[in-house]
Amino acid sequence: MWLYLVALVCLYYLLCWYRERQVVSHLRDKYVFITGCDSGFGNLLARQLDLRGLRVLAACLTEKGAEQLRGQTSDRLATVILDVTKTESIAVATQWVKEHVGDRGLWGLVNNAGISVPTAPNEWLTKQDFMKILDVNLLGVIEVTLSLLPLVRKARGRVVNVSSILGRVSLYGGGYCISKYGVEAFSDSLRRELSHFAVKVAIIEPGYFKTVLASTDLVSRSFQEAWDRTSPEVKEIYGEKFLAACMKSFELLDKICTKDLSLVTDCMEHALIACHPRTRYSCGWDSKLIYLPMSYMPTFLVDAIIQWSRPRPIKAL
Ligand SMILES: NC(=O)c1ccc[n+]([C@@H]2O[C@H](COP(=O)([O-])OP(=O)(O)OC[C@H]3O[C@@H](n4cnc5c(N)ncnc54)[C@H](OP(=O)(O)O)[C@@H]3O)[C@@H](O)[C@H]2O)c1
C-alpha cells in the first residue's frame with residue numbers, strides 16, 4: 001500500500017518536472033522587452049536571453065547603462081532609453097518596440113525596473129516619499145503594460161512582473177512593500193483578463209539578492225536621511241538608540257543577500273519560454289524557507305515574529 005503511494009507521488013513529480021521542461025518553439029524569432037536593464041536582474045536577464053538567441057529589446061534608464069550592455073551582447077540586442085515614470089518616454093519606447101517587432105507582436109514584456117528607497121518607519125516619511133517609489137514600482141509597471149499590451153496580445157505572449165517577497169509580507173514601512181502588493185494585485189487581475197486572449201502573466205517574487213537596490217549603503221543612507229528630516233517629537237519617541245540598532249541590523253543585509261542573481265533570471269526565463277509557465281516564482285532560500293511560509297501564517301503570529309526580531313522605539317509601551 002505504502003509502496004503504491006510512494007510510486008504515485010514519484011510519478012506525479014516526474015510528470016510535473018517533464019511538463020515544466022517543455023519550451024516554446026522558434027525562440028530566435030521572439031522579441032522580449034525588459035525594463036531596468038542598466039544593472040541587477042534586468043541586466044543579467046538581457047544578457048542571458050541574448051545568449052539563448054531571443055531578440056532582446058532592452059530598456060535602460062541611462063545612456064551609459066545602454067552603451068555598456070550593447071558592448072557585452074550580440075548585434076541582435078537593441079537598447080532604448082526609458083524612464084518608466086514619464087508618459088512621453090513610455091510612448092517613445094512603445095513606438096520603437098512597434099517598429100522592431102512589426103507584425104509579429106511582442107512575445108515578452110518584463111516589468112523589472114524598480115527602486116527601494118526612501119525607506120524608514122512610516123511616521124518618518126512624507127507623502128512624496130511614498131509617491132516616489134509608487135511612481136516607479138507600481139504606476140510605471142501599469143503604464144508600461146497598458147502601452148505595450150496590444151503588441152503582447154498580438155503575439156499571444158507573456159507579461160512577467162517583478163514583485164518581491166515583500167509583496168506578500170509587509171516587513172517595513174514606506175512605499176516599497178505597498179508598491180509590490182500593488183504589483184501582485186495588478187498582475188492577478190491582468191492574468192485573469194488576459195487568459196481570454198492566450199496571454200500568460202507571471203509574477204517573480206525574489207527574496208533578498210545582492211544588487212544596488214538592496215545594498216546596506218543605500219538603505220542606511222535613506223534611513224538616516226529620513227531620520228534627519230523627521231520632527232523633534234518623532235525623534236524623541238523613537239530615540240537615537242533605535243536608529244543605531246536599525247543601522248546595525250542593515251549591516252547584515254550585505255551578508256545575508258543571495259549573490260547568485262541567476263536564481264531570479266532563470267525563473268524569469270522560464271516564465272518567458274516554458275510552454276507551461278508558473279503563475280508565481282519564489283526565488284532564493286529566504287523567500288522559500290522564511291517569507292513564503294510566513295505569508296501563510298496567521299497575522300498575529302507574523303506580527304509577533306516581526307516585533308520580536310526588531311529594535312523597539314525608546315518610548316514603546
Ligand atoms: N535585489 C533584491 O533583493 C530584490 C528583491 C525583490 C525584488 N526586487 C526587484 O527586482 C527588480 C530589479 O531590481 P534589482 O535588484 O536588479 O536592482 P537594480 O540593480 O537597482 O535594478 C533596478 C533597475 O531599474 C532601473 N530604474 C530605476 N528607476 C527607473 C525608472 N524610473 N525608469 C526605468 N528604469 C529605472 C535602474 O536604473 P539605474 O541603475 O540607472 O538606477 C536599474 O537598472 C526591482 O523591481 C526590485 O524591486 C529586488
# chains A, B, ... in the order shown; residues from 1 in each chain; ligands from 1
>>> residues_near_ligand(ligand="ligand 1", cutoff="8 Å", atoms="only C-alpha atoms and all ligand atoms", output="PyMOL selection string")
chain A and resi 35-43+59-62+65+82-86+111-116+135-137+140+162-166+176+180+204-214+257
>>> residues_around(residues="region 292-307 of chain A", least_positions_apart="3", cutoff="10 Å", atoms="only C-alpha atoms", output="PyMOL selection string")
chain A and resi 165-172+205+207+282+286-289+310-312
>>> select_by_dssp(residues="region 105-201 of chain A", states="strand (DSSP E)", output="list of chain:residue names")
A:Gly108, A:Leu109, A:Val110, A:Asn111, A:Arg158, A:Val159, A:Val160, A:Asn161, A:Val162, A:Lys200, A:Val201
>>> write_last_selection(atoms="C-alpha atoms", output="compact mmCIF listing (two decimals), in the first residue's frame")
# COMPACT_ATOMS: atom_id res chain seq x y z
CA GLY A 108 7.55 39.02 -23.78
CA LEU A 109 7.26 42.09 -21.56
CA VAL A 110 9.34 42.02 -18.38
CA ASN A 111 8.48 44.79 -15.92
CA ARG A 158 3.81 36.77 -21.82
CA VAL A 159 3.86 39.52 -19.20
CA VAL A 160 6.39 38.95 -16.41
CA ASN A 161 6.09 41.31 -13.46
CA VAL A 162 8.86 41.55 -10.89
CA LYS A 200 0.07 34.47 -19.73
CA VAL A 201 1.06 36.61 -16.76
>>> residues_around(residues="region 146-157 of chain A", least_positions_apart="3", cutoff="9 Å", atoms="only C-alpha atoms", output="list of chain:residue names")
A:Lys30, A:Ile90, A:Ala91, A:Thr94, A:Val97, A:Lys98, A:Val101, A:Asp103, A:Arg104, A:Gly105, A:Leu106, A:Trp107, A:Gly108, A:Leu109, A:Val141, A:Ile142, A:Glu143, A:Leu194, A:Phe197, A:Ala198, A:Val199, A:Lys200, A:Val201, A:Leu272
>>> closest_residue(among="A:Thr265, A:Thr79, A:Asn122, A:Thr216", to="Leu49 (chain A)", atoms="only C-alpha atoms")
A:Thr265
